[in-house]
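Worksheet for the structure shown next.
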Amino acid sequence: MVSRGNTGQLTRRQFVAAGAGCGAALAVGCKAGKRGDWDFLTDAQARTLQAICDQIVPADEFPSASQAGVVNYIDRQLMRHYRKHRGAYLDGLEQAEAMSRKRFGGELASLAQAQQLEIVSALAEQGGRLFSLVREHTMEGYYGSPRHGGNRDAVSWRMLGLDEPPLRGRAQYDLTKHDPRGVPS
């Protein structure tokens, strides 16, 4: 309980302490509402999505899709720009898991690479919405800007031999090498 000063009002110190306590309680409450380590996906759904993404962009001399942060990218975007695709992801991931259990008796992420490829190929052949979305979003996450949660450490740009592009709104050229009329010196 917060005691009040002689005037019956909170002191500045008591007010700040009470505010800090409320902030900590809110932070704990917000964290408790999260679904594992992800913003939208559950841990199990993220593992399934990782297995699918890694069949689209497998590891070789360069990182796989999940190693490059693609699952993180998709999860973030499902809370933002991909909100309209939430149902397709949830239904599709559930379908992929059901197919995996029926064919191989286990979770997709725990299967051998060849078995995972068989399931992902079957998803692609069915023409379902999940595979086309995951393929598109995997490419965006793998080759897009790292500031959106994918392409960790700009791995795909390095793989392609590209320099990191400048951020929009920043000067792209060293203007000190040019005279005021735009003619190179």
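Letters A, B, ... mark the chains of the structure tokens in the order given; residue numbers begin at 1 per chain; ligand numbers begin at 1, in order shown.
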
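Residues in contact with region 140-151 of chain A at 8 Å, where only C-alpha atoms are counted and same-chain residues fewer than 3 positions away are skipped, are listed as Ala65, Ala68, Gly69, Val70, Val71, Asn72, Tyr73, Ile74, Arg76, Glu136, His137, Ala154, Val155, Ser156 and Trp157 of chain A.
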
| request: Name all residues at most 9 Å from Val57 (chain A) (count only C-alpha atoms; drop same-chain ones fewer than 3 positions away) and give them as a list in words. | output: Ile52, Cys53, Asp54, Pro63, Ser64, Ala65, Ser66, Thr138, Met139 and Tyr142 of chain A

| In terms of the shortest atom-to-atom distance over only C-alpha atoms, which of A:Ala96, A:Val134, A:Leu123, A:Leu111 is closest to Asp75 (chain A)? |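 Distance minimum relative to Asp75 (chain A) lands on A:Val134.
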
| note | What separates CA of Gln95 (chain A) and CA of Ala59 (chain A) is a distance of 24.9 Å

| Polymer residues at most 9 Å from Leu117 (chain A), only C-alpha atoms, same-chain spacing of 5 or more positions, as a PyMOL selection string | chain A and resi 51-52+55+112+122

| said: I need the residue nearest Ser132 (chain A) from this list: A:Val120, A:Met99, A:Leu78, A:Leu160. Use only C-alpha atoms for the distance. | reply: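 Checking each candidate against Ser132 (chain A), we get A:Val120 as the closest.
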
| Which is closest to Gln126 (chain A) among A:Gly106, A:Met79, A:Ala44, A:Gly92, if we use only C-alpha atoms? | A:Gly92

| field | Backbone DSSP call of alpha helix (DSSP H) for region 41-109 of chain A, listed as a PyMOL selection string | value | chain A and resi 43-56+70-78+86-104

Include C-alpha atoms and write out the residues we just selected as a JSON list (two decimals), in the first residue's frame.
```json
[["chain", "number", "residue", "atom", "x", "y", "z"],
["A", 43, "ASP", "CA", 5.95, -22.84, -31.20],
["A", 44, "ALA", "CA", 4.53, -25.93, -32.95],
["A", 45, "GLN", "CA", 3.20, -23.89, -35.89],
["A", 46, "ALA", "CA", 6.56, -22.12, -36.20],
["A", 47, "ARG", "CA", 8.36, -25.48, -36.36],
["A", 48, "THR", "CA", 6.01, -26.64, -39.12],
["A", 49, "LEU", "CA", 6.47, -23.41, -41.04],
["A", 50, "GLN", "CA", 10.25, -23.68, -40.61],
["A", 51, "ALA", "CA", 10.22, -27.16, -42.16],
["A", 52, "ILE", "CA", 8.22, -25.89, -45.14],
["A", 53, "CYS", "CA", 10.37, -22.78, -45.63],
["A", 54, "ASP", "CA", 13.56, -24.82, -45.44],
["A", 55, "GLN", "CA", 12.32, -27.04, -48.26],
["A", 56, "ILE", "CA", 11.78, -23.92, -50.37],
["A", 70, "VAL", "CA", 12.26, -16.04, -42.73],
["A", 71, "VAL", "CA", 9.97, -17.61, -40.11],
["A", 72, "ASN", "CA", 10.54, -14.55, -37.91],
["A", 73, "TYR", "CA", 9.69, -12.32, -40.90],
["A", 74, "ILE", "CA", 6.45, -14.18, -41.68],
["A", 75, "ASP", "CA", 5.41, -14.26, -38.02],
["A", 76, "ARG", "CA", 5.93, -10.49, -37.70],
["A", 77, "GLN", "CA", 4.04, -9.80, -40.90],
["A", 78, "LEU", "CA", 1.10, -11.96, -39.79],
["A", 86, "ARG", "CA", -3.86, -15.63, -40.87],
["A", 87, "GLY", "CA", -6.65, -18.12, -41.53],
["A", 88, "ALA", "CA", -4.87, -19.58, -44.55],
["A", 89, "TYR", "CA", -1.71, -20.06, -42.50],
["A", 90, "LEU", "CA", -3.48, -21.63, -39.54],
["A", 91, "ASP", "CA", -5.56, -23.97, -41.71],
["A", 92, "GLY", "CA", -2.65, -24.82, -44.00],
["A", 93, "LEU", "CA", -0.19, -25.54, -41.21],
["A", 94, "GLU", "CA", -2.77, -27.78, -39.55],
["A", 95, "GLN", "CA", -3.33, -29.57, -42.87],
["A", 96, "ALA", "CA", 0.44, -30.05, -43.33],
["A", 97, "GLU", "CA", 0.71, -31.56, -39.86],
["A", 98, "ALA", "CA", -2.27, -33.86, -40.44],
["A", 99, "MET", "CA", -0.74, -35.05, -43.73],
["A", 100, "SER", "CA", 2.61, -35.61, -42.02],
["A", 101, "ARG", "CA", 1.09, -37.66, -39.20],
["A", 102, "LYS", "CA", -1.04, -39.70, -41.61],
["A", 103, "ARG", "CA", 1.83, -40.53, -44.02],
["A", 104, "PHE", "CA", 4.76, -40.79, -41.63]]
```

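In terms of minimum interatomic distance to Gln113 (chain A), A:Pro58 ranks closest within A:Leu133, A:Pro58, A:Asp153, A:Arg80, counting only C-alpha atoms.
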